[in-house]
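**Student:** Here you go, target.cif (mmCIF, C-alpha atoms):
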```cif
data_upload
#
loop_
_atom_site.label_atom_id
_atom_site.label_comp_id
_atom_site.auth_asym_id
_atom_site.auth_seq_id
_atom_site.Cartn_x
_atom_site.Cartn_y
_atom_site.Cartn_z
CA PHE A 1 -117.51 -230.38 106.07
CA SER A 2 -113.71 -230.06 106.15
CA ARG A 3 -113.46 -230.87 109.87
CA ARG A 4 -115.61 -233.96 109.45
CA HIS A 5 -113.39 -235.33 106.72
CA LYS A 6 -110.22 -234.44 108.62
CA LEU A 7 -111.43 -236.70 111.45
CA TYR A 8 -112.28 -239.39 108.91
CA ARG A 9 -108.76 -239.25 107.44
CA GLU A 10 -107.17 -239.45 110.88
CA GLU A 11 -109.18 -242.58 111.64
CA LEU A 12 -108.31 -243.99 108.21
CA ASN A 13 -104.58 -243.51 108.79
CA LEU A 14 -104.75 -245.59 111.99
CA THR A 15 -105.70 -248.67 110.00
CA SER A 16 -103.70 -248.03 106.82
CA PRO A 17 -101.02 -250.60 105.81
CA ALA A 18 -97.55 -249.87 107.13
CA ALA A 19 -95.61 -250.39 103.90
CA PRO A 20 -96.52 -250.02 100.21
CA LEU A 21 -96.40 -252.96 97.85
CA PRO A 22 -93.19 -253.36 95.78
CA LEU A 23 -93.17 -252.40 92.11
CA ARG A 24 -94.20 -255.28 89.86
CA PRO A 25 -92.17 -255.56 86.62
CA GLU A 26 -95.37 -256.42 84.73
CA ALA A 27 -97.16 -253.25 85.93
CA SER A 28 -98.86 -251.54 83.00
CA TRP A 29 -97.38 -248.12 83.78
CA LEU A 30 -93.84 -249.50 83.78
CA GLN A 31 -94.41 -251.51 80.60
CA PHE A 32 -95.81 -248.40 78.90
CA HIS A 33 -92.67 -246.45 79.80
CA LEU A 34 -90.39 -249.25 78.64
CA GLY A 35 -92.21 -249.39 75.29
CA ILE A 36 -91.41 -245.78 74.33
CA SER A 37 -89.15 -245.76 71.27
CA ARG A 38 -87.91 -243.46 68.53
CA ASP A 39 -91.09 -244.28 66.55
CA GLY A 40 -93.64 -243.20 69.16
CA LEU A 41 -94.95 -243.52 72.68
CA TYR A 42 -96.09 -247.10 72.07
CA PRO A 43 -95.95 -249.74 69.30
CA ARG A 44 -98.77 -250.03 66.76
CA SER A 45 -100.05 -253.28 68.25
CA SER A 46 -99.58 -252.95 71.99
CA PRO A 47 -101.58 -255.05 74.48
CA THR A 48 -99.86 -253.01 77.19
CA ILE A 49 -101.75 -249.86 76.19
CA ASN A 50 -105.14 -251.58 76.38
CA ARG A 51 -104.22 -252.92 79.82
CA LEU A 52 -103.04 -249.47 80.92
CA LEU A 53 -106.32 -247.92 79.80
CA ARG A 54 -108.27 -250.52 81.81
CA ASP A 55 -106.11 -249.95 84.88
CA MET A 56 -106.68 -246.20 84.77
CA GLN A 57 -110.41 -246.86 84.61
CA ASP A 58 -110.51 -249.47 87.39
CA PHE A 59 -107.71 -248.94 89.91
CA THR A 60 -108.53 -247.18 93.18
CA THR A 61 -106.80 -243.86 93.74
CA ILE A 62 -104.38 -243.86 96.67
CA SER A 63 -103.51 -240.14 96.64
CA ALA A 64 -104.47 -236.87 94.95
CA ASP A 65 -102.62 -233.57 94.64
CA TYR A 66 -102.17 -230.46 92.54
CA SER A 67 -99.81 -230.69 89.58
CA GLN A 68 -96.28 -229.31 90.01
CA ASP A 69 -96.87 -226.27 87.81
CA GLU A 70 -99.92 -225.27 89.82
CA LYS A 71 -98.04 -225.80 93.09
CA ALA A 72 -95.29 -223.51 91.86
CA LEU A 73 -97.83 -220.73 91.30
CA LEU A 74 -99.89 -221.15 94.47
CA GLY A 75 -100.06 -217.86 96.34
CA ALA A 76 -98.39 -215.96 93.48
CA CYS A 77 -101.52 -214.14 92.39
CA ASP A 78 -104.00 -211.61 93.64
CA CYS A 79 -107.41 -213.27 93.63
CA SER A 80 -109.10 -209.89 93.94
CA GLN A 81 -107.98 -209.16 90.38
CA ILE A 82 -109.66 -212.23 88.90
CA VAL A 83 -112.80 -211.02 87.16
CA LYS A 84 -113.48 -213.96 84.86
CA PRO A 85 -112.58 -217.66 84.76
CA SER A 86 -109.29 -218.45 83.10
CA GLY A 87 -109.09 -221.15 80.48
CA VAL A 88 -106.37 -222.90 82.47
CA HIS A 89 -107.75 -226.22 83.53
CA LEU A 90 -108.35 -227.23 87.12
CA LYS A 91 -106.30 -230.42 87.05
CA LEU A 92 -105.08 -232.89 89.64
CA VAL A 93 -102.48 -235.64 89.80
CA LEU A 94 -104.00 -238.96 90.88
CA ARG A 95 -101.82 -241.87 91.98
CA PHE A 96 -102.64 -245.55 91.81
CA GLN A 97 -101.05 -248.84 92.81
CA ASP A 98 -97.89 -250.01 91.04
CA PHE A 99 -96.64 -246.40 91.11
CA GLY A 100 -99.21 -245.46 88.49
CA LYS A 101 -99.85 -241.76 88.01
CA ALA A 102 -102.31 -239.90 85.78
CA MET A 103 -103.43 -236.32 85.18
CA PHE A 104 -107.12 -235.84 85.99
CA LYS A 105 -108.98 -233.08 84.14
CA PRO A 106 -112.60 -232.72 85.27
CA MET A 107 -115.60 -231.92 83.12
CA ARG A 108 -116.08 -228.17 82.80
CA GLN A 109 -118.18 -228.00 79.65
CA LYS A 110 -120.97 -230.22 78.34
CA ARG A 111 -120.40 -232.03 75.05
CA GLU A 112 -123.09 -230.14 73.16
CA GLU A 113 -121.74 -226.72 74.18
CA GLU A 114 -119.63 -224.82 71.66
CA THR A 115 -117.00 -222.21 72.43
CA PRO A 116 -118.64 -218.78 71.96
CA GLU A 117 -117.55 -216.93 68.83
CA ASP A 118 -116.23 -213.97 70.83
CA PHE A 119 -113.92 -216.08 73.02
CA PHE A 120 -110.17 -215.78 72.51
CA TYR A 121 -108.52 -219.20 72.40
CA PHE A 122 -106.38 -218.42 75.45
CA VAL A 123 -109.43 -217.89 77.72
CA ASP A 124 -111.43 -220.83 76.39
CA PHE A 125 -112.40 -223.58 78.82
CA GLN A 126 -110.50 -226.80 78.46
CA ARG A 127 -112.53 -229.94 77.83
CA HIS A 128 -111.96 -233.37 79.32
CA ASN A 129 -113.62 -235.09 76.36
CA ALA A 130 -111.20 -233.31 74.00
CA GLU A 131 -108.28 -235.01 75.78
CA ILE A 132 -109.94 -238.41 75.34
CA ALA A 133 -110.85 -237.84 71.68
CA ALA A 134 -107.37 -236.48 70.90
CA PHE A 135 -105.78 -239.74 72.07
CA HIS A 136 -108.08 -241.80 69.85
CA LEU A 137 -107.51 -239.56 66.83
CA ASP A 138 -103.74 -239.61 67.35
CA ARG A 139 -103.81 -243.41 67.38
CA ILE A 140 -105.99 -243.58 64.24
CA LEU A 141 -103.55 -241.25 62.45
CA ASP A 142 -100.74 -243.62 63.53
CA PHE A 143 -98.82 -240.77 65.15
CA ARG A 144 -98.80 -242.36 68.63
CA ARG A 145 -97.64 -239.10 70.22
CA VAL A 146 -100.49 -238.51 72.71
CA PRO A 147 -100.19 -240.30 76.08
CA PRO A 148 -102.88 -242.95 76.70
CA THR A 149 -106.04 -241.23 77.93
CA VAL A 150 -109.39 -242.55 79.20
CA GLY A 151 -112.60 -241.18 80.61
CA ARG A 152 -113.64 -242.05 84.13
CA LEU A 153 -116.28 -241.19 86.71
CA ILE A 154 -114.42 -240.10 89.84
CA ASN A 155 -115.95 -240.00 93.31
CA VAL A 156 -114.54 -236.63 94.36
CA THR A 157 -115.11 -237.36 98.05
CA LYS A 158 -113.63 -240.85 98.30
CA GLU A 159 -111.06 -240.65 95.50
CA ILE A 160 -109.78 -237.09 95.95
CA LEU A 161 -110.73 -235.46 99.27
CA GLU A 162 -110.26 -238.53 101.46
CA VAL A 163 -106.92 -239.54 99.94
CA THR A 164 -105.18 -236.17 99.54
CA LYS A 165 -102.64 -234.96 102.08
CA ASN A 166 -102.51 -231.47 100.60
CA GLU A 167 -104.23 -229.16 103.08
CA ILE A 168 -104.78 -226.48 100.45
CA LEU A 169 -106.64 -228.97 98.25
CA GLN A 170 -108.65 -230.13 101.27
CA SER A 171 -109.64 -226.55 102.04
CA VAL A 172 -111.27 -225.87 98.65
CA PHE A 173 -113.93 -228.58 98.97
CA PHE A 174 -117.45 -227.51 99.86
CA VAL A 175 -121.06 -228.64 99.53
CA SER A 176 -123.15 -226.61 97.09
CA PRO A 177 -126.74 -225.49 97.76
CA ALA A 178 -127.80 -228.45 95.60
CA SER A 179 -125.95 -230.78 98.05
CA ASN A 180 -123.25 -231.61 95.49
CA VAL A 181 -119.60 -231.92 96.58
CA CYS A 182 -117.48 -229.31 94.76
CA PHE A 183 -113.92 -228.02 94.71
CA PHE A 184 -112.04 -225.20 93.00
CA ALA A 185 -108.49 -224.01 92.40
CA LYS A 186 -107.24 -221.96 95.34
CA CYS A 187 -104.95 -219.84 93.24
CA PRO A 188 -103.91 -218.51 90.78
CA TYR A 189 -106.53 -219.28 88.15
CA MET A 190 -110.02 -219.71 89.55
CA CYS A 191 -110.15 -218.28 93.03
CA LYS A 192 -113.89 -218.26 93.52
CA THR A 193 -116.48 -220.93 94.22
CA GLU A 194 -118.50 -219.99 91.14
CA TYR A 195 -115.65 -221.42 89.05
CA ALA A 196 -115.72 -224.72 90.91
CA VAL A 197 -116.41 -228.17 89.52
CA CYS A 198 -119.07 -230.24 91.23
CA GLY A 199 -119.96 -233.90 91.52
CA ASN A 200 -123.49 -235.24 91.21
CA PRO A 201 -123.53 -235.40 94.18
CA HIS A 202 -120.11 -237.06 94.45
CA LEU A 203 -119.45 -238.47 90.96
CA LEU A 204 -117.65 -236.25 88.47
CA GLU A 205 -116.53 -237.31 85.01
CA GLY A 206 -113.14 -236.39 83.67
CA SER A 207 -110.16 -237.55 81.66
CA LEU A 208 -107.13 -239.46 82.95
CA SER A 209 -103.89 -239.15 80.97
CA ALA A 210 -101.01 -241.46 81.84
CA PHE A 211 -97.86 -239.70 83.01
CA LEU A 212 -94.69 -240.01 80.98
CA PRO A 213 -91.46 -241.19 82.67
CA SER A 214 -90.02 -238.66 85.10
CA LEU A 215 -87.63 -236.09 83.68
CA ASN A 216 -84.62 -237.53 85.52
CA LEU A 217 -85.20 -240.88 83.78
CA ALA A 218 -86.26 -239.61 80.37
CA PRO A 219 -85.32 -235.92 79.95
CA ARG A 220 -87.47 -233.78 77.65
CA LEU A 221 -87.08 -230.39 76.04
CA SER A 222 -89.89 -227.83 75.82
CA ILE A 223 -89.47 -225.78 72.64
CA PRO A 224 -91.48 -222.77 71.43
CA ASN A 225 -93.58 -223.51 68.37
CA PRO A 226 -92.32 -221.44 65.38
CA TRP A 227 -96.00 -220.84 64.56
CA ILE A 228 -96.86 -219.67 68.07
CA ARG A 229 -99.85 -217.34 68.27
CA SER A 230 -100.04 -213.94 69.88
CA TYR A 231 -101.39 -214.12 73.42
CA SER A 232 -102.67 -210.57 73.46
CA PHE A 233 -106.03 -209.18 72.34
CA ASP A 234 -104.70 -207.34 69.28
CA GLY A 235 -101.17 -208.63 68.57
CA LYS A 236 -99.99 -210.49 65.47
CA GLU A 237 -97.04 -212.82 65.00
CA GLU A 238 -94.86 -212.64 61.87
CA TRP A 239 -96.25 -215.85 60.36
CA GLU A 240 -99.75 -214.32 60.48
CA VAL A 241 -98.77 -211.41 58.24
CA ASN A 242 -95.89 -212.83 56.17
CA PRO A 243 -96.86 -215.64 53.72
CA LEU A 244 -93.14 -216.31 53.12
CA TYR A 245 -92.45 -216.87 56.80
CA CYS A 246 -91.47 -220.51 56.25
CA ASN A 247 -88.43 -219.40 54.22
CA THR A 248 -87.11 -217.79 57.40
CA VAL A 249 -87.86 -220.87 59.50
CA ARG A 250 -86.02 -223.13 57.04
CA GLU A 251 -82.82 -221.15 57.63
CA ILE A 252 -82.88 -221.72 61.39
CA TYR A 253 -81.49 -224.79 63.14
CA PRO A 254 -83.03 -227.36 63.71
CA TYR A 255 -85.61 -226.68 60.98
CA SER A 256 -82.96 -226.32 58.28
CA ASN A 257 -82.55 -230.08 57.87
CA GLY A 258 -83.90 -233.39 59.15
CA ASN A 259 -87.46 -234.22 60.12
CA ARG A 260 -88.24 -231.44 62.58
CA LEU A 261 -90.18 -229.29 60.12
CA LEU A 262 -92.06 -232.34 58.84
CA ASN A 263 -93.00 -233.17 62.42
CA ILE A 264 -94.24 -229.61 62.90
CA VAL A 265 -96.50 -230.11 59.86
CA ASP A 266 -97.80 -233.38 61.36
CA MET A 267 -98.60 -231.50 64.56
CA ALA A 268 -100.39 -228.74 62.62
CA ILE A 269 -102.52 -231.31 60.77
CA PHE A 270 -103.45 -232.95 64.07
CA ASP A 271 -104.29 -229.59 65.67
CA PHE A 272 -106.38 -228.50 62.68
CA LEU A 273 -108.45 -231.67 62.86
CA ILE A 274 -109.25 -231.10 66.54
CA GLY A 275 -109.46 -227.30 66.23
CA ASN A 276 -106.65 -226.59 68.73
CA MET A 277 -105.19 -223.07 68.41
CA ASP A 278 -103.19 -223.23 71.64
CA ARG A 279 -100.01 -225.10 70.63
CA HIS A 280 -97.51 -222.56 71.92
CA HIS A 281 -94.80 -225.13 72.79
CA TYR A 282 -93.97 -228.73 71.99
CA GLU A 283 -91.90 -231.30 73.88
CA MET A 284 -89.37 -233.90 72.74
CA PHE A 285 -87.36 -236.66 74.40
CA THR A 286 -83.71 -235.57 74.33
CA LYS A 287 -82.53 -239.17 73.88
CA PHE A 288 -83.83 -239.37 70.32
CA GLY A 289 -82.02 -236.26 69.14
CA ASP A 290 -83.20 -233.59 66.72
CA ASP A 291 -85.24 -235.98 64.58
CA GLY A 292 -87.25 -237.43 67.46
CA PHE A 293 -91.04 -237.22 67.43
CA LEU A 294 -92.93 -234.29 68.94
CA LEU A 295 -95.19 -235.04 71.89
CA HIS A 296 -98.77 -233.90 71.37
CA LEU A 297 -99.59 -232.93 74.96
CA ASP A 298 -102.39 -230.82 76.44
CA ASN A 299 -105.16 -231.16 73.85
CA ALA A 300 -108.05 -230.02 76.03
CA ARG A 301 -108.69 -226.86 74.01
CA GLY A 302 -109.60 -228.98 71.01
CA PHE A 303 -113.12 -229.78 69.81
CA GLY A 304 -114.49 -226.42 70.90
CA ARG A 305 -116.39 -225.40 67.74
CA HIS A 306 -117.54 -227.98 65.22
CA SER A 307 -119.11 -225.28 63.05
CA HIS A 308 -115.85 -223.44 62.37
CA ASP A 309 -112.65 -224.60 60.63
CA GLU A 310 -109.67 -222.48 61.73
CA THR A 311 -107.53 -222.80 58.59
CA SER A 312 -104.76 -220.64 60.06
CA ILE A 313 -103.75 -223.69 62.14
CA LEU A 314 -102.59 -225.25 58.83
CA ALA A 315 -100.06 -222.45 58.23
CA PRO A 316 -97.01 -224.78 58.55
CA LEU A 317 -98.44 -226.97 55.77
CA SER A 318 -99.70 -224.20 53.48
CA GLN A 319 -96.61 -222.00 53.90
CA CYS A 320 -93.92 -224.70 53.78
CA CYS A 321 -95.71 -227.04 51.34
CA ILE A 322 -94.15 -230.24 52.69
CA ILE A 323 -95.70 -233.37 54.17
CA LYS A 324 -94.53 -236.88 55.02
CA ARG A 325 -95.56 -239.55 52.55
CA THR A 326 -96.75 -241.80 55.39
CA THR A 327 -98.93 -238.99 56.76
CA LEU A 328 -100.40 -238.25 53.34
CA LEU A 329 -101.14 -241.93 52.65
CA ARG A 330 -102.91 -242.28 56.00
CA LEU A 331 -105.00 -239.15 55.36
CA GLN A 332 -105.94 -240.38 51.89
CA LEU A 333 -106.97 -243.73 53.34
CA LEU A 334 -109.16 -242.04 55.96
CA ALA A 335 -110.89 -240.08 53.20
CA GLU A 336 -112.07 -243.31 51.53
CA PRO A 337 -115.73 -244.25 52.21
CA GLU A 338 -114.88 -247.62 53.76
CA TYR A 339 -112.33 -246.05 56.17
CA ARG A 340 -114.00 -242.67 56.73
CA LEU A 341 -112.34 -240.80 59.58
CA SER A 342 -115.60 -240.01 61.36
CA ASP A 343 -116.59 -243.69 61.28
CA MET A 344 -113.19 -244.77 62.61
CA MET A 345 -113.40 -242.23 65.43
CA ARG A 346 -116.99 -243.13 66.28
CA GLU A 347 -116.09 -246.81 66.56
CA SER A 348 -112.91 -246.15 68.53
CA LEU A 349 -114.57 -243.80 71.02
CA LEU A 350 -117.26 -246.38 71.80
CA GLN A 351 -114.56 -248.22 73.76
CA ASP A 352 -114.46 -245.42 76.33
CA ARG A 353 -116.76 -245.62 79.34
CA LEU A 354 -117.84 -242.01 78.92
CA ALA A 355 -119.14 -242.67 75.39
CA PRO A 356 -120.43 -240.82 73.51
CA VAL A 357 -117.26 -238.75 73.90
CA LEU A 358 -117.97 -236.43 70.95
CA THR A 359 -121.26 -235.22 69.52
CA GLU A 360 -122.12 -236.16 65.94
CA PRO A 361 -121.39 -232.66 64.54
CA HIS A 362 -117.82 -232.87 65.88
CA LEU A 363 -117.33 -236.27 64.24
CA LEU A 364 -118.61 -235.02 60.89
CA ALA A 365 -116.38 -231.94 61.17
CA LEU A 366 -113.37 -234.29 61.06
CA ASP A 367 -114.33 -235.44 57.55
CA ARG A 368 -114.78 -231.86 56.38
CA ARG A 369 -111.43 -230.77 57.79
CA LEU A 370 -109.69 -233.78 56.31
CA GLN A 371 -110.84 -232.70 52.86
CA LEU A 372 -109.45 -229.20 53.50
CA ILE A 373 -106.06 -230.71 54.40
CA LEU A 374 -105.98 -232.79 51.23
CA LYS A 375 -107.03 -229.74 49.23
CA ALA A 376 -104.09 -227.77 50.68
CA VAL A 377 -101.70 -230.60 49.77
CA ARG A 378 -103.04 -230.75 46.20
CA LYS A 379 -102.55 -226.99 45.86
CA CYS A 380 -98.93 -227.35 46.97
CA ILE A 381 -98.33 -230.22 44.54
CA ASP A 382 -99.86 -228.23 41.69
CA THR A 383 -97.52 -225.36 42.50
CA TYR A 384 -94.22 -227.11 43.31
CA GLY A 385 -94.62 -230.69 42.10
CA GLU A 386 -95.03 -233.88 44.12
CA ALA A 387 -91.28 -234.54 44.40
CA LYS A 388 -90.73 -231.32 46.37
CA VAL A 389 -93.88 -231.50 48.47
CA VAL A 390 -94.12 -235.15 49.52
CA ALA A 391 -91.13 -236.29 51.60
CA ASN A 392 -90.40 -240.01 51.32
CA ASP A 393 -90.18 -241.37 54.86
CA THR A 394 -91.39 -244.89 54.03
CA THR A 395 -87.92 -246.47 53.87
CA GLN A 396 -86.64 -245.56 57.31
CA PRO A 397 -84.67 -248.39 58.99
CA GLU A 398 -85.89 -250.05 62.13
CA ALA A 399 -84.80 -248.21 65.26
CA PRO A 400 -82.08 -250.15 67.14
CA ALA A 401 -82.92 -251.61 70.51
CA SER A 402 -80.54 -249.10 72.12
CA ASP A 403 -82.94 -246.30 71.10
CA ARG A 404 -85.56 -247.44 73.56
CA VAL A 405 -85.93 -245.40 76.71
CA LYS A 406 -83.98 -247.16 79.46
CA LEU A 407 -85.55 -246.92 82.88
CA THR A 408 -84.24 -248.16 86.19
CA THR A 409 -86.36 -248.84 89.23
#
```
Please, can you express the file's structure as structure tokens?
**Tutor:**
Amino acid sequence: FSRRHKLYREELNLTSPAAPLPLRPEASWLQFHLGISRDGLYPRSSPTINRLLRDMQDFTTISADYSQDEKALLGACDCSQIVKPSGVHLKLVLRFQDFGKAMFKPMRQKREEETPEDFFYFVDFQRHNAEIAAFHLDRILDFRRVPPTVGRLINVTKEILEVTKNEILQSVFFVSPASNVCFFAKCPYMCKTEYAVCGNPHLLEGSLSAFLPSLNLAPRLSIPNPWIRSYSFDGKEEWEVNPLYCNTVREIYPYSNGNRLLNIVDMAIFDFLIGNMDRHHYEMFTKFGDDGFLLHLDNARGFGRHSHDETSILAPLSQCCIIKRTTLLRLQLLAEPEYRLSDMMRESLLQDRLAPVLTEPHLLALDRRLQLILKAVRKCIDTYGEAKVVANDTTQPEAPASDRVKLTT
């Protein structure tokens, strides 16, 4: 199988164009990057984002490769020690015309499957449909902190195997006994073919998330979440045993002033709605300083169990008892019958080609969790008063044009 496709690629290279097309200023990827501002990854009304979503669904892939973090770890593990599949996602970087680039996460779990009760969150499978749904929810909440993400059916033979130049990636493709084309991660996470993902026989659905600008153009910081969870079977972090933990956080820069703590609460609300317990770090653009927004990246461990509400995710809200007024107003609006969150999500997700993206129980769980958030806010207000709990962020001035991310070609 591998030799046959190696010959095919050699023949393909003989007829490939000599030079790539130049970058077009109107390219959707470039316009998306230029639209990043202090307020979010894209404006509220942005035709560019809709065009970018269409391009990710329609453009032909011109190359495929492992992500940089997986490349850095290749060969650094002992596959003989792997006794169960890791939750780390088998993901690939796909490139398109106009220098477009997106992270592809293939389907590893069916929509109707729930995470088993005995699974720890750090060994849970990651779900492609969770990435798609997280983008839609983030946009409905008006956070605009999740990169544009779409669902797509990928032909793993034509759009990955036949366009990749990575020999390690080429070597992990095989044909299953059911005549489906499959591939797996060589190392370090899923070393065995039983952990592979397979097409049907070639088509495999997955999510595509648009890449952010490169770090040399738009530097970012990766910062540990103050409410990080223990990644051991029996460990506990301080916030899990100390209800006054937030008092300690408030004394530490940069949580002692500004919007950082409020942004952490926003992130906790978002994670609680999707059921994501795996937010160990967050990223920020350095250009926007300490009060810049937090990027909500890597949401594939969300939407695992619709039947369970993990209220510990709301610890930043319940322990600190603060919330932005704009966030609270949006949540209250989405609790109204005519703007019910589940209805808004259902309608929004119908735009994706992999619809239905979420099962009905997951959609209804959003309404239930929203009520739990509002209940936590009301408890805080009853205890401390609205003036101390609800932070007025509705009068912020418009960000100057100089605050936009400047990119050069």
**Student:** Any chance you could resolve the PyMOL selection byres ((chain A and resi 277-287) around 10) against this file and give the residues as number ranges by chain?
**Tutor:** A: 36-38, 120-122, 124, 215, 218-231, 264, 267-268, 271-272, 274-276, 288-302, 310, 312-313, 403-406
**Student:** Can you work out the spacing between CA of Val197 in chain A and CA of Ile62 in chain A in Å, to one decimal?
**Tutor:**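 CA of Val197 in chain A sits 21.0 Å away from CA of Ile62 in chain A.
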**Student:** Show me, as an MDAnalysis selection string, the residues that have an atom within 9 Å of range 201-211 of chain A when counting only C-alpha atoms, minus same-chain residues fewer than 3 positions from it.
**Tutor:** chainID A and resid 29 52:53 56:57 94 100:108 127:132 146:158 175 178:182 197:198 214 354
**Student:** Please produce a file of the residues just selected, as a compact mmCIF listing (two decimals), keeping the file's coordinate frame, where the atoms kept are C-alpha atoms.
**Tutor:**
```txt
# COMPACT_ATOMS: atom_id res chain seq x y z
CA TRP A 29 -97.38 -248.12 83.78
CA LEU A 52 -103.04 -249.47 80.92
CA LEU A 53 -106.32 -247.92 79.80
CA MET A 56 -106.68 -246.20 84.77
CA GLN A 57 -110.41 -246.86 84.61
CA LEU A 94 -104.00 -238.96 90.88
CA GLY A 100 -99.21 -245.46 88.49
CA LYS A 101 -99.85 -241.76 88.01
CA ALA A 102 -102.31 -239.90 85.78
CA MET A 103 -103.43 -236.32 85.18
CA PHE A 104 -107.12 -235.84 85.99
CA LYS A 105 -108.98 -233.08 84.14
CA PRO A 106 -112.60 -232.72 85.27
CA MET A 107 -115.60 -231.92 83.12
CA ARG A 108 -116.08 -228.17 82.80
CA ARG A 127 -112.53 -229.94 77.83
CA HIS A 128 -111.96 -233.37 79.32
CA ASN A 129 -113.62 -235.09 76.36
CA ALA A 130 -111.20 -233.31 74.00
CA GLU A 131 -108.28 -235.01 75.78
CA ILE A 132 -109.94 -238.41 75.34
CA VAL A 146 -100.49 -238.51 72.71
CA PRO A 147 -100.19 -240.30 76.08
CA PRO A 148 -102.88 -242.95 76.70
CA THR A 149 -106.04 -241.23 77.93
CA VAL A 150 -109.39 -242.55 79.20
CA GLY A 151 -112.60 -241.18 80.61
CA ARG A 152 -113.64 -242.05 84.13
CA LEU A 153 -116.28 -241.19 86.71
CA ILE A 154 -114.42 -240.10 89.84
CA ASN A 155 -115.95 -240.00 93.31
CA VAL A 156 -114.54 -236.63 94.36
CA THR A 157 -115.11 -237.36 98.05
CA LYS A 158 -113.63 -240.85 98.30
CA VAL A 175 -121.06 -228.64 99.53
CA ALA A 178 -127.80 -228.45 95.60
CA SER A 179 -125.95 -230.78 98.05
CA ASN A 180 -123.25 -231.61 95.49
CA VAL A 181 -119.60 -231.92 96.58
CA CYS A 182 -117.48 -229.31 94.76
CA VAL A 197 -116.41 -228.17 89.52
CA CYS A 198 -119.07 -230.24 91.23
CA SER A 214 -90.02 -238.66 85.10
CA LEU A 354 -117.84 -242.01 78.92
```
**Student:** Using all atoms listed in the file, determine which residues lie at most 10 Å from range 63-67 of chain A, disregarding the query and same-chain residues fewer than 6 positions distant; provide the list as number ranges by chain.
**Tutor:** A: 74, 90-97, 101-104, 159-170, 185
**Student:** Distance CA of Tyr42 in chain A-CA of Ser28 in chain A, one decimal place?
**Tutor:** 12.1 Å
**Student:** So how far away is CA of Leu212 in chain A from CA of Ala133 in chain A, in Å?
**Tutor:** 18.8 Å
**Student:** When you count all atoms listed in the file, which of these residues is closest to Tyr245 in chain A: A:Cys321, A:Ile269, A:Ile49, A:Leu349?
**Tutor:**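 Nearest candidate to Tyr245 in chain A out of A:Cys321, A:Ile269, A:Ile49, A:Leu349: A:Cys321.
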**Student:** Which residue, A:Leu314, A:Leu364, A:Ser307, A:Pro356, has the smallest gap to Glu114 in chain A when you use all atoms listed in the file?
**Tutor:**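 Closest to Glu114 in chain A, using all atoms listed in the file: A:Ser307.
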**Student:** Evaluate the PyMOL selection byres ((chain A and resi 328-337) around 10) on the structure here and hand back the selected residues as a ChimeraX atom specification.
**Tutor:** /A:140-142,266,269,323-327,338-344,367-368,370-371,373-374,377,390-391
**Student:** On this structure, which residues satisfy the PyMOL selection byres ((chain A and resi 111) around 7), written as an MDAnalysis selection string?
**Tutor:** chainID A and resid 109:110 112:113 358:359
**Student:** When you count all atoms listed in the file, which of these residues is closest to Glu347 in chain A: A:Ala27, A:Asn257, A:Asp39, A:Leu363?
**Tutor:** A:Leu363
**Student:** Rank nothing, just name the residue among A:Thr311, A:Asn259, A:Asn200, A:Thr61 nearest to Asp393 in chain A, using only C-alpha atoms.
**Tutor:**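 Of the candidates, the smallest distance to Asp393 in chain A is held by A:Asn259.
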**Student:** Can you put N, CA, C and O atoms back into range 312-318 of chain A and show it as an mmCIF file, keeping the file's coordinate frame?
**Tutor:**
```
data_model
loop_
_atom_site.group_PDB
_atom_site.id
_atom_site.type_symbol
_atom_site.label_atom_id
_atom_site.label_comp_id
_atom_site.auth_asym_id
_atom_site.auth_seq_id
_atom_site.Cartn_x
_atom_site.Cartn_y
_atom_site.Cartn_z
ATOM 1 N N SER A 312 -106.077 -221.187 59.728
ATOM 2 C CA SER A 312 -104.760 -220.640 60.060
ATOM 3 C C SER A 312 -103.896 -221.652 60.807
ATOM 4 O O SER A 312 -102.667 -221.552 60.808
ATOM 5 N N ILE A 313 -104.517 -222.650 61.455
ATOM 6 C CA ILE A 313 -103.750 -223.690 62.140
ATOM 7 C C ILE A 313 -102.887 -224.461 61.139
ATOM 8 O O ILE A 313 -101.823 -224.984 61.486
ATOM 9 N N LEU A 314 -103.324 -224.516 59.873
ATOM 10 C CA LEU A 314 -102.590 -225.250 58.830
ATOM 11 C C LEU A 314 -101.456 -224.446 58.222
ATOM 12 O O LEU A 314 -100.874 -224.864 57.223
ATOM 13 N N ALA A 315 -101.099 -223.297 58.802
ATOM 14 C CA ALA A 315 -100.060 -222.450 58.230
ATOM 15 C C ALA A 315 -98.741 -223.190 57.972
ATOM 16 O O ALA A 315 -98.115 -222.983 56.919
ATOM 17 N N PRO A 316 -98.247 -224.055 58.858
ATOM 18 C CA PRO A 316 -97.010 -224.780 58.550
ATOM 19 C C PRO A 316 -97.102 -225.593 57.257
ATOM 20 O O PRO A 316 -96.138 -225.665 56.493
ATOM 21 N N LEU A 317 -98.251 -226.207 56.999
ATOM 22 C CA LEU A 317 -98.440 -226.970 55.770
ATOM 23 C C LEU A 317 -98.574 -226.054 54.565
ATOM 24 O O LEU A 317 -97.881 -226.237 53.546
ATOM 25 N N SER A 318 -99.429 -225.059 54.647
ATOM 26 C CA SER A 318 -99.700 -224.200 53.480
ATOM 27 C C SER A 318 -98.537 -223.275 53.156
ATOM 28 O O SER A 318 -98.334 -222.912 51.997
#
```
